[in-house]
>>> print(open('final_28.pdb').read())   # PDB, C-alpha atoms, pLDDT in the B column
ATOM      1  CA  GLU A  20      92.288  75.143 159.525  1.00 87.00           C
ATOM      2  CA  ALA A  21      91.425  74.556 163.183  1.00 86.00           C
ATOM      3  CA  GLN A  22      89.819  77.657 164.546  1.00 93.00           C
ATOM      4  CA  VAL A  23      87.363  79.296 166.891  1.00 96.00           C
ATOM      5  CA  THR A  24      85.347  82.044 165.222  1.00 96.00           C
ATOM      6  CA  GLN A  25      83.644  84.821 167.120  1.00 96.00           C
ATOM      7  CA  ASN A  26      81.321  87.461 165.734  1.00 97.00           C
ATOM      8  CA  PRO A  27      81.178  90.356 165.828  1.00 97.00           C
ATOM      9  CA  ARG A  28      84.725  91.533 166.552  1.00 96.00           C
ATOM     10  CA  TYR A  29      83.535  94.951 167.707  1.00 96.00           C
ATOM     11  CA  LEU A  30      80.151  96.001 169.022  1.00 97.00           C
ATOM     12  CA  ILE A  31      78.813  99.216 170.487  1.00 97.00           C
ATOM     13  CA  THR A  32      75.328  99.013 171.918  1.00 96.00           C
ATOM     14  CA  VAL A  33      73.006 100.836 174.270  1.00 97.00           C
ATOM     15  CA  THR A  34      71.958  99.808 177.740  1.00 97.00           C
ATOM     16  CA  GLY A  35      69.139  97.288 177.721  1.00 97.00           C
ATOM     17  CA  LYS A  36      69.289  96.258 174.081  1.00 97.00           C
ATOM     18  CA  LYS A  37      69.589  92.492 173.854  1.00 97.00           C
ATOM     19  CA  LEU A  38      72.581  91.168 171.967  1.00 97.00           C
ATOM     20  CA  THR A  39      74.189  87.871 171.050  1.00 98.00           C
ATOM     21  CA  VAL A  40      77.844  87.151 170.428  1.00 98.00           C
ATOM     22  CA  THR A  41      78.320  84.019 168.382  1.00 98.00           C
ATOM     23  CA  CYS A  42      81.080  81.451 168.772  1.00 98.00           C
ATOM     24  CA  SER A  43      81.753  78.510 166.511  1.00 98.00           C
ATOM     25  CA  GLN A  44      84.540  75.889 166.473  1.00 97.00           C
ATOM     26  CA  ASN A  45      85.426  73.389 163.767  1.00 96.00           C
ATOM     27  CA  MET A  46      87.452  70.929 165.846  1.00 94.00           C
ATOM     28  CA  ASN A  47      84.593  68.800 167.225  1.00 94.00           C
ATOM     29  CA  HIS A  48      85.577  69.887 170.730  1.00 93.00           C
ATOM     30  CA  GLU A  49      83.299  68.930 173.585  1.00 92.00           C
ATOM     31  CA  TYR A  50      84.290  71.719 175.962  1.00 92.00           C
ATOM     32  CA  MET A  51      83.603  75.388 175.254  1.00 94.00           C
ATOM     33  CA  SER A  52      83.724  78.416 177.494  1.00 95.00           C
ATOM     34  CA  TRP A  53      83.313  82.162 177.555  1.00 97.00           C
ATOM     35  CA  TYR A  54      85.657  84.585 179.285  1.00 96.00           C
ATOM     36  CA  ARG A  55      85.762  88.288 179.816  1.00 97.00           C
ATOM     37  CA  GLN A  56      89.029  90.177 180.059  1.00 95.00           C
ATOM     38  CA  ASP A  57      89.290  93.373 182.060  1.00 94.00           C
ATOM     39  CA  PRO A  58      92.400  95.443 182.875  1.00 89.00           C
ATOM     40  CA  GLY A  59      94.107  94.238 186.028  1.00 86.00           C
ATOM     41  CA  LEU A  60      91.724  91.301 186.438  1.00 90.00           C
ATOM     42  CA  GLY A  61      92.869  88.972 183.699  1.00 88.00           C
ATOM     43  CA  LEU A  62      90.545  86.474 182.084  1.00 93.00           C
ATOM     44  CA  ARG A  63      87.538  85.370 184.094  1.00 94.00           C
ATOM     45  CA  GLN A  64      85.201  82.571 183.147  1.00 94.00           C
ATOM     46  CA  ILE A  65      81.574  83.496 182.501  1.00 96.00           C
ATOM     47  CA  TYR A  66      79.975  80.187 181.473  1.00 96.00           C
ATOM     48  CA  TYR A  67      81.183  76.862 180.195  1.00 94.00           C
ATOM     49  CA  SER A  68      79.720  73.859 178.439  1.00 94.00           C
ATOM     50  CA  MET A  69      80.946  70.302 178.712  1.00 90.00           C
ATOM     51  CA  ASN A  70      78.823  69.056 175.816  1.00 91.00           C
ATOM     52  CA  VAL A  71      75.586  69.640 173.929  1.00 93.00           C
ATOM     53  CA  GLU A  72      72.809  70.789 176.263  1.00 93.00           C
ATOM     54  CA  VAL A  73      75.228  70.806 179.236  1.00 92.00           C
ATOM     55  CA  THR A  74      76.141  74.273 180.491  1.00 95.00           C
ATOM     56  CA  ASP A  75      77.152  75.697 183.850  1.00 93.00           C
ATOM     57  CA  LYS A  76      78.104  78.971 185.476  1.00 94.00           C
ATOM     58  CA  GLY A  77      81.670  80.128 185.732  1.00 92.00           C
ATOM     59  CA  ASP A  78      82.993  82.788 188.073  1.00 92.00           C
ATOM     60  CA  VAL A  79      81.113  85.827 186.737  1.00 96.00           C
ATOM     61  CA  PRO A  80      77.823  84.619 185.190  1.00 97.00           C
ATOM     62  CA  GLU A  81      75.533  87.458 186.284  1.00 97.00           C
ATOM     63  CA  GLY A  82      73.869  89.210 183.346  1.00 97.00           C
ATOM     64  CA  TYR A  83      74.771  86.516 180.801  1.00 98.00           C
ATOM     65  CA  LYS A  84      73.113  83.480 179.269  1.00 98.00           C
ATOM     66  CA  VAL A  85      74.430  80.762 177.010  1.00 98.00           C
ATOM     67  CA  SER A  86      73.093  77.846 175.037  1.00 96.00           C
ATOM     68  CA  ARG A  87      74.653  74.758 173.477  1.00 97.00           C
ATOM     69  CA  LYS A  88      72.189  73.275 171.026  1.00 97.00           C
ATOM     70  CA  GLU A  89      74.905  72.050 168.666  1.00 96.00           C
ATOM     71  CA  LYS A  90      78.402  70.885 169.437  1.00 96.00           C
ATOM     72  CA  ARG A  91      80.097  73.521 167.290  1.00 97.00           C
ATOM     73  CA  ASN A  92      78.199  76.620 168.503  1.00 98.00           C
ATOM     74  CA  PHE A  93      78.157  78.321 171.880  1.00 98.00           C
ATOM     75  CA  PRO A  94      76.531  81.770 171.730  1.00 98.00           C
ATOM     76  CA  LEU A  95      76.765  84.289 174.563  1.00 98.00           C
ATOM     77  CA  ILE A  96      73.576  86.235 175.194  1.00 98.00           C
ATOM     78  CA  LEU A  97      73.238  89.512 177.049  1.00 98.00           C
ATOM     79  CA  GLU A  98      69.514  89.973 177.648  1.00 96.00           C
ATOM     80  CA  SER A  99      69.796  93.496 179.028  1.00 97.00           C
ATOM     81  CA  PRO A 100      73.360  94.792 178.694  1.00 98.00           C
ATOM     82  CA  SER A 101      74.676  97.307 181.180  1.00 97.00           C
ATOM     83  CA  PRO A 102      77.792  99.515 181.078  1.00 97.00           C
ATOM     84  CA  ASN A 103      79.626  97.225 183.527  1.00 97.00           C
ATOM     85  CA  GLN A 104      79.545  94.555 180.836  1.00 98.00           C
ATOM     86  CA  THR A 105      81.803  96.665 178.656  1.00 98.00           C
ATOM     87  CA  SER A 106      84.741  94.336 178.196  1.00 97.00           C
ATOM     88  CA  LEU A 107      86.762  92.164 175.841  1.00 96.00           C
ATOM     89  CA  TYR A 108      85.167  88.751 175.455  1.00 98.00           C
ATOM     90  CA  PHE A 109      86.805  85.505 174.377  1.00 97.00           C
ATOM     91  CA  CYS A 110      85.336  82.179 173.454  1.00 97.00           C
ATOM     92  CA  ALA A 111      87.520  79.107 173.832  1.00 95.00           C
ATOM     93  CA  SER A 112      87.243  75.418 173.101  1.00 94.00           C
ATOM     94  CA  SER A 113      89.184  72.300 173.967  1.00 90.00           C
ATOM     95  CA  TYR A 114      88.883  68.564 173.481  1.00 86.00           C
ATOM     96  CA  ARG A 115      87.861  68.130 177.105  1.00 77.00           C
ATOM     97  CA  GLN A 116      87.687  70.128 180.285  1.00 72.00           C
ATOM     98  CA  GLY A 117      90.960  70.787 182.010  1.00 72.00           C
ATOM     99  CA  GLY A 118      93.775  68.322 182.212  1.00 74.00           C
ATOM    100  CA  TYR A 119      96.571  68.224 179.703  1.00 76.00           C
ATOM    101  CA  THR A 120      94.410  69.720 176.973  1.00 83.00           C
ATOM    102  CA  GLU A 121      95.252  72.641 174.725  1.00 88.00           C
ATOM    103  CA  ALA A 122      92.735  75.466 174.610  1.00 90.00           C
ATOM    104  CA  PHE A 123      91.929  77.310 171.389  1.00 93.00           C
ATOM    105  CA  PHE A 124      90.707  80.881 171.608  1.00 95.00           C
ATOM    106  CA  GLY A 125      88.686  83.071 169.313  1.00 95.00           C
ATOM    107  CA  GLN A 126      89.831  86.494 168.122  1.00 95.00           C
ATOM    108  CA  GLY A 127      87.846  88.299 170.784  1.00 96.00           C
ATOM    109  CA  THR A 128      84.826  90.590 170.769  1.00 97.00           C
ATOM    110  CA  ARG A 129      85.241  94.098 172.105  1.00 96.00           C
ATOM    111  CA  LEU A 130      81.893  95.169 173.523  1.00 97.00           C
ATOM    112  CA  THR A 131      81.031  98.693 174.590  1.00 98.00           C
ATOM    113  CA  VAL A 132      77.717  99.346 176.336  1.00 98.00           C
ATOM    114  CA  VAL A 133      76.740 103.014 176.554  1.00 97.00           C
TER     115      VAL A 133
ATOM    116  CA  LYS B  18      96.002  86.272 196.809  1.00 71.00           C
ATOM    117  CA  ASN B  19      95.696  85.218 193.178  1.00 85.00           C
ATOM    118  CA  GLU B  20      96.223  81.544 192.487  1.00 92.00           C
ATOM    119  CA  VAL B  21      98.434  82.434 189.510  1.00 95.00           C
ATOM    120  CA  GLU B  22     100.905  85.291 189.796  1.00 96.00           C
ATOM    121  CA  GLN B  23     103.038  86.672 186.982  1.00 96.00           C
ATOM    122  CA  SER B  24     106.020  88.974 187.065  1.00 96.00           C
ATOM    123  CA  PRO B  25     106.832  91.461 185.894  1.00 97.00           C
ATOM    124  CA  GLN B  26     103.536  93.115 184.963  1.00 95.00           C
ATOM    125  CA  ASN B  27     105.280  95.321 182.414  1.00 96.00           C
ATOM    126  CA  LEU B  28     108.579  94.785 180.656  1.00 97.00           C
ATOM    127  CA  THR B  29     110.439  96.938 178.151  1.00 97.00           C
ATOM    128  CA  ALA B  30     113.433  95.499 176.337  1.00 97.00           C
ATOM    129  CA  GLN B  31     115.770  96.445 173.545  1.00 97.00           C
ATOM    130  CA  GLU B  32     115.812  94.366 170.407  1.00 98.00           C
ATOM    131  CA  GLY B  33     118.136  91.406 170.798  1.00 97.00           C
ATOM    132  CA  GLU B  34     117.858  91.143 174.572  1.00 97.00           C
ATOM    133  CA  PHE B  35     117.115  87.899 176.424  1.00 98.00           C
ATOM    134  CA  ILE B  36     113.748  88.122 178.166  1.00 98.00           C
ATOM    135  CA  THR B  37     112.334  86.152 181.074  1.00 98.00           C
ATOM    136  CA  ILE B  38     108.755  86.206 182.313  1.00 98.00           C
ATOM    137  CA  ASN B  39     107.914  84.353 185.489  1.00 98.00           C
ATOM    138  CA  CYS B  40     104.793  82.579 186.684  1.00 98.00           C
ATOM    139  CA  SER B  41     104.090  81.170 190.136  1.00 98.00           C
ATOM    140  CA  TYR B  42     101.008  79.249 191.143  1.00 97.00           C
ATOM    141  CA  SER B  43      99.604  77.995 194.411  1.00 95.00           C
ATOM    142  CA  VAL B  44      97.233  75.214 193.336  1.00 91.00           C
ATOM    143  CA  GLY B  45      97.551  71.671 192.063  1.00 90.00           C
ATOM    144  CA  ILE B  46      97.764  71.556 188.311  1.00 91.00           C
ATOM    145  CA  SER B  47      97.701  69.062 185.478  1.00 90.00           C
ATOM    146  CA  ALA B  48      99.185  71.484 182.939  1.00 92.00           C
ATOM    147  CA  LEU B  49     100.541  74.995 182.607  1.00 95.00           C
ATOM    148  CA  HIS B  50      99.910  77.113 179.533  1.00 95.00           C
ATOM    149  CA  TRP B  51     101.716  80.103 178.112  1.00 97.00           C
ATOM    150  CA  LEU B  52      99.537  82.250 175.879  1.00 97.00           C
ATOM    151  CA  GLN B  53     100.285  85.248 173.674  1.00 97.00           C
ATOM    152  CA  GLN B  54      97.935  88.128 172.964  1.00 96.00           C
ATOM    153  CA  HIS B  55      98.846  90.792 170.418  1.00 91.00           C
ATOM    154  CA  PRO B  56      97.173  94.207 170.677  1.00 85.00           C
ATOM    155  CA  GLY B  57      93.757  93.984 169.084  1.00 80.00           C
ATOM    156  CA  GLY B  58      94.277  90.315 168.396  1.00 77.00           C
ATOM    157  CA  GLY B  59      93.168  87.019 169.712  1.00 88.00           C
ATOM    158  CA  ILE B  60      94.882  84.705 172.147  1.00 94.00           C
ATOM    159  CA  VAL B  61      97.135  81.968 170.854  1.00 94.00           C
ATOM    160  CA  SER B  62      98.646  79.085 172.756  1.00 93.00           C
ATOM    161  CA  LEU B  63     102.451  79.076 172.807  1.00 96.00           C
ATOM    162  CA  PHE B  64     103.146  76.161 175.118  1.00 95.00           C
ATOM    163  CA  MET B  65     101.407  73.582 177.222  1.00 93.00           C
ATOM    164  CA  LEU B  66     103.621  71.722 179.631  1.00 94.00           C
ATOM    165  CA  SER B  67     103.416  69.551 182.696  1.00 92.00           C
ATOM    166  CA  SER B  68     107.123  69.011 183.345  1.00 94.00           C
ATOM    167  CA  GLY B  69     110.570  69.957 182.154  1.00 95.00           C
ATOM    168  CA  LYS B  70     111.165  72.240 179.238  1.00 97.00           C
ATOM    169  CA  LYS B  71     109.826  72.975 175.749  1.00 96.00           C
ATOM    170  CA  LYS B  72     111.306  75.022 172.927  1.00 97.00           C
ATOM    171  CA  HIS B  73     109.731  76.552 169.825  1.00 95.00           C
ATOM    172  CA  GLY B  74     112.091  78.679 167.804  1.00 96.00           C
ATOM    173  CA  ARG B  75     113.294  81.532 170.031  1.00 97.00           C
ATOM    174  CA  LEU B  76     110.812  80.714 172.793  1.00 98.00           C
ATOM    175  CA  ILE B  77     111.595  78.414 175.694  1.00 98.00           C
ATOM    176  CA  ALA B  78     109.247  77.442 178.522  1.00 98.00           C
ATOM    177  CA  THR B  79     110.286  75.668 181.690  1.00 98.00           C
ATOM    178  CA  ILE B  80     108.376  74.404 184.667  1.00 98.00           C
ATOM    179  CA  ASN B  81     109.431  73.289 188.137  1.00 97.00           C
ATOM    180  CA  ILE B  82     106.565  71.329 189.627  1.00 95.00           C
ATOM    181  CA  GLN B  83     108.073  71.128 193.104  1.00 95.00           C
ATOM    182  CA  GLU B  84     108.545  74.880 193.309  1.00 96.00           C
ATOM    183  CA  LYS B  85     105.267  75.611 191.473  1.00 97.00           C
ATOM    184  CA  HIS B  86     107.043  77.960 189.119  1.00 98.00           C
ATOM    185  CA  SER B  87     107.365  78.401 185.378  1.00 98.00           C
ATOM    186  CA  SER B  88     109.377  80.725 183.188  1.00 98.00           C
ATOM    187  CA  LEU B  89     108.981  81.852 179.610  1.00 98.00           C
ATOM    188  CA  HIS B  90     112.199  82.904 177.911  1.00 98.00           C
ATOM    189  CA  ILE B  91     112.566  84.775 174.641  1.00 98.00           C
ATOM    190  CA  THR B  92     116.012  84.748 173.071  1.00 97.00           C
ATOM    191  CA  ALA B  93     117.154  87.445 170.610  1.00 97.00           C
ATOM    192  CA  SER B  94     113.975  89.448 171.167  1.00 97.00           C
ATOM    193  CA  HIS B  95     112.400  91.312 168.272  1.00 97.00           C
ATOM    194  CA  PRO B  96     109.783  94.095 168.097  1.00 96.00           C
ATOM    195  CA  ARG B  97     107.268  91.577 166.736  1.00 95.00           C
ATOM    196  CA  ASP B  98     107.489  89.794 170.114  1.00 97.00           C
ATOM    197  CA  SER B  99     105.723  92.787 171.667  1.00 97.00           C
ATOM    198  CA  ALA B 100     102.513  91.414 173.150  1.00 97.00           C
ATOM    199  CA  VAL B 101     100.840  90.397 176.379  1.00 97.00           C
ATOM    200  CA  TYR B 102     102.022  87.024 177.645  1.00 98.00           C
ATOM    201  CA  ILE B 103      99.598  85.159 179.858  1.00 97.00           C
ATOM    202  CA  CYS B 104     100.293  82.230 182.141  1.00 97.00           C
ATOM    203  CA  ALA B 105      97.384  79.890 182.840  1.00 95.00           C
ATOM    204  CA  VAL B 106      97.081  76.632 184.753  1.00 93.00           C
ATOM    205  CA  SER B 107      94.694  73.719 184.384  1.00 90.00           C
ATOM    206  CA  LYS B 108      93.659  73.404 188.001  1.00 86.00           C
ATOM    207  CA  THR B 109      93.007  69.948 189.407  1.00 82.00           C
ATOM    208  CA  GLY B 110      90.462  69.040 192.041  1.00 69.00           C
ATOM    209  CA  GLY B 111      87.237  70.745 192.952  1.00 58.00           C
ATOM    210  CA  ALA B 112      84.004  70.603 191.010  1.00 52.00           C
ATOM    211  CA  THR B 113      85.583  71.617 187.743  1.00 59.00           C
ATOM    212  CA  ASN B 114      89.022  71.374 186.230  1.00 60.00           C
ATOM    213  CA  LYS B 115      89.280  74.772 184.666  1.00 79.00           C
ATOM    214  CA  LEU B 116      91.858  77.257 183.474  1.00 88.00           C
ATOM    215  CA  ILE B 117      93.031  79.838 185.980  1.00 91.00           C
ATOM    216  CA  PHE B 118      94.778  82.825 184.430  1.00 94.00           C
ATOM    217  CA  GLY B 119      97.452  85.221 185.527  1.00 94.00           C
ATOM    218  CA  THR B 120      96.896  88.897 184.785  1.00 93.00           C
ATOM    219  CA  GLY B 121      99.506  88.929 182.038  1.00 95.00           C
ATOM    220  CA  THR B 122     102.845  90.548 181.298  1.00 97.00           C
ATOM    221  CA  LEU B 123     102.907  93.391 178.800  1.00 96.00           C
ATOM    222  CA  LEU B 124     106.139  93.159 176.812  1.00 97.00           C
ATOM    223  CA  ALA B 125     107.397  95.954 174.593  1.00 97.00           C
ATOM    224  CA  VAL B 126     110.513  95.302 172.530  1.00 97.00           C
ATOM    225  CA  GLN B 127     112.019  98.471 171.142  1.00 97.00           C
ATOM    226  CA  PRO B 128     114.108  98.508 167.953  1.00 95.00           C
TER     227      PRO B 128
END
>>> encode(input="final_28.pdb", output="structure tokens")
Amino acid sequence: EAQVTQNPRYLITVTGKKLTVTCSQNMNHEYMSWYRQDPGLGLRQIYYSMNVEVTDKGDVPEGYKVSRKEKRNFPLILESPSPNQTSLYFCASSYRQGGYTEAFFGQGTRLTVV
Amino acid sequence: KNEVEQSPQNLTAQEGEFITINCSYSVGISALHWLQQHPGGGIVSLFMLSSGKKKHGRLIATINIQEKHSSLHITASHPRDSAVYICAVSKTGGATNKLIFGTGTLLAVQP
């Protein structure tokens, strides 16, 4: 089954404690991205990757890091989480960037930073 | 002004009613997407379209490229249709061709 898998689904952490949210896709997609979803603001892109070892900032990259060492995995790293990073996070993948290309989304990770 | 605007923001309907959600955009696009998000759930793609009309079961999506407008229709609505519906566009031009999202329409269908 084609899918994007995120872990964990729920996470409560304390300010400053490094964490990683994993994302994996089984569709051999080149393009992967991370979004955060906040009430009234919709989905905003944090980082994206066009292929292995190719990553770039999205609209709200501050406080986040990513890596793309393998095509299937695209982890999101919060080196020193802060309460303003409390949000619902989604990983997505697609065959290529933009264009007439369907995007597949993970189940979401609800992060609370206290 | 947001590049993708949806209306209404909230919608309550009775079971069986015909529902329309609207999406307007102000940028050049190569595709428009309608997405569904159930409470506590992930986001799933309902439609991707670049012209005309598509139908899946009780769901119909239309797009008018000239007017930069799309509608999502739900016929014979059911409580299980209750969800957030998100319009997104694949924006052309610029440094990246990325998805731009509307803020979503929260639909509640009451039995």
>>> residues_around(input="final_28.pdb", residues="stretch 103-107 of chain A", least_positions_apart="3", cutoff="9 Å", atoms="all atoms listed in the file", output="ChimeraX atom specification")
/A:54-57,82,97,100,127-133
>>> interface_residues(input="final_28.pdb", of="chain A", to="chain B", cutoff="12 Å", atoms="only C-alpha atoms", output="count of residues only")
52
>>> residues_around(input="final_28.pdb", residues="stretch 85-91 of chain A", least_positions_apart="4", cutoff="6 Å", atoms="only C-alpha atoms", output="JSON, numbers by chain")
{"A": [43, 44, 71, 72, 95, 96]}
>>> atom_distance(input="final_28.pdb", atom1="atom CA of A:Glu49", atom2="atom CA of A:Val79")
21.5 Å
>>> axis_aligned_box(input="final_28.pdb", around="stretch 82-98 of chain B", padding_each_side="5 Å", output="JSON")
{"center_x": 111.2, "center_y": 82.6, "center_z": 180.0, "size_x": 21.9, "size_y": 33.0, "size_z": 36.6}
>>> atom_distance(input="final_28.pdb", atom1="atom CA of B:Ala30", atom2="atom CA of B:Ser99")
9.4 Å
>>> atom_distance(input="final_28.pdb", atom1="atom CA of A:Thr32", atom2="atom CA of B:Ala100")
28.3 Å
>>> residues_around(input="final_28.pdb", residues="B:Thr29", least_positions_apart="4", cutoff="8 Å", atoms="all atoms listed in the file", output="list of chain:residue names")
B:Leu124, B:Ala125, B:Val126, B:Gln127
>>> write_last_selection(input="final_28.pdb", atoms="C-alpha atoms", output="short mmCIF file (atom, residue, chain, number, x, y, z; two decimals), keeping the file's coordinate frame")
data_model
loop_
_atom_site.label_atom_id
_atom_site.label_comp_id
_atom_site.auth_asym_id
_atom_site.auth_seq_id
_atom_site.Cartn_x
_atom_site.Cartn_y
_atom_site.Cartn_z
CA LEU B 124 106.14 93.16 176.81
CA ALA B 125 107.40 95.95 174.59
CA VAL B 126 110.51 95.30 172.53
CA GLN B 127 112.02 98.47 171.14
#
>>> closest_residue(input="final_28.pdb", among="B:Glu84, B:Asp98, B:Glu32, B:Glu20", to="B:Val44", atoms="only C-alpha atoms")
B:Glu20
>>> residues_around(input="final_28.pdb", residues="stretch 37-39 of chain B", least_positions_apart="6", cutoff="6 Å", atoms="only C-alpha atoms", output="PDB file with C-alpha atoms, in the coordinates of the input")
ATOM      1  CA  GLN B  23     103.038  86.672 186.982  1.00 96.00           C
ATOM      2  CA  SER B  24     106.020  88.974 187.065  1.00 96.00           C
ATOM      3  CA  SER B  87     107.365  78.401 185.378  1.00 98.00           C
ATOM      4  CA  SER B  88     109.377  80.725 183.188  1.00 98.00           C
ATOM      5  CA  LEU B  89     108.981  81.852 179.610  1.00 98.00           C
ATOM      6  CA  HIS B  90     112.199  82.904 177.911  1.00 98.00           C
TER       7      HIS B  90
END
>>> closest_residue(input="final_28.pdb", among="B:Gln31, B:Ser68, B:Ser94, B:Gln53", to="B:Leu123", atoms="all atoms listed in the file")
B:Gln53
>>> residues_around(input="final_28.pdb", residues="A:Glu98", least_positions_apart="4", cutoff="10 Å", atoms="all atoms listed in the file", output="PyMOL selection string")
chain A and resi 35-39+82-84
>>> decode(input="final_28.pdb", residues="stretch 43-78 of chain A", atoms="C-alpha atoms", output="PDB file, in the first residue's frame")
ATOM      1  CA  SER A  43       9.162   7.558   5.483  1.00  0.00           C
ATOM      2  CA  GLN A  44       7.515   6.931   2.087  1.00  0.00           C
ATOM      3  CA  ASN A  45       7.364   3.731   0.064  1.00  0.00           C
ATOM      4  CA  MET A  46       6.544   5.201  -3.348  1.00  0.00           C
ATOM      5  CA  ASN A  47      10.085   6.061  -4.506  1.00  0.00           C
ATOM      6  CA  HIS A  48       9.074   9.722  -4.622  1.00  0.00           C
ATOM      7  CA  GLU A  49      11.777  12.285  -5.243  1.00  0.00           C
ATOM      8  CA  TYR A  50      10.051  15.231  -3.585  1.00  0.00           C
ATOM      9  CA  MET A  51       9.307  15.370   0.139  1.00  0.00           C
ATOM     10  CA  SER A  52       8.292  18.237   2.365  1.00  0.00           C
ATOM     11  CA  TRP A  53       7.328  19.144   5.894  1.00  0.00           C
ATOM     12  CA  TYR A  54       4.424  21.378   6.855  1.00  0.00           C
ATOM     13  CA  ARG A  55       3.036  22.733  10.056  1.00  0.00           C
ATOM     14  CA  GLN A  56      -0.659  23.399  10.506  1.00  0.00           C
ATOM     15  CA  ASP A  57      -1.885  26.071  12.882  1.00  0.00           C
ATOM     16  CA  PRO A  58      -5.451  27.335  13.433  1.00  0.00           C
ATOM     17  CA  GLY A  59      -6.336  30.135  11.049  1.00  0.00           C
ATOM     18  CA  LEU A  60      -3.030  29.869   9.188  1.00  0.00           C
ATOM     19  CA  GLY A  61      -3.484  26.676   7.230  1.00  0.00           C
ATOM     20  CA  LEU A  62      -0.562  24.536   6.169  1.00  0.00           C
ATOM     21  CA  ARG A  63       2.800  26.242   5.861  1.00  0.00           C
ATOM     22  CA  GLN A  64       5.899  24.684   4.392  1.00  0.00           C
ATOM     23  CA  ILE A  65       8.881  24.261   6.708  1.00  0.00           C
ATOM     24  CA  TYR A  66      11.472  22.511   4.521  1.00  0.00           C
ATOM     25  CA  TYR A  67      11.440  20.515   1.332  1.00  0.00           C
ATOM     26  CA  SER A  68      13.733  18.124  -0.475  1.00  0.00           C
ATOM     27  CA  MET A  69      13.900  17.587  -4.205  1.00  0.00           C
ATOM     28  CA  ASN A  70      16.078  14.483  -3.940  1.00  0.00           C
ATOM     29  CA  VAL A  71      18.714  12.774  -1.816  1.00  0.00           C
ATOM     30  CA  GLU A  72      21.077  15.306  -0.239  1.00  0.00           C
ATOM     31  CA  VAL A  73      19.074  18.207  -1.742  1.00  0.00           C
ATOM     32  CA  THR A  74      17.083  20.214   0.794  1.00  0.00           C
ATOM     33  CA  ASP A  75      15.914  23.809   1.005  1.00  0.00           C
ATOM     34  CA  LYS A  76      13.986  26.133   3.273  1.00  0.00           C
ATOM     35  CA  GLY A  77      10.278  26.648   2.947  1.00  0.00           C
ATOM     36  CA  ASP A  78       8.288  29.531   4.373  1.00  0.00           C
TER      37      ASP A  78
END
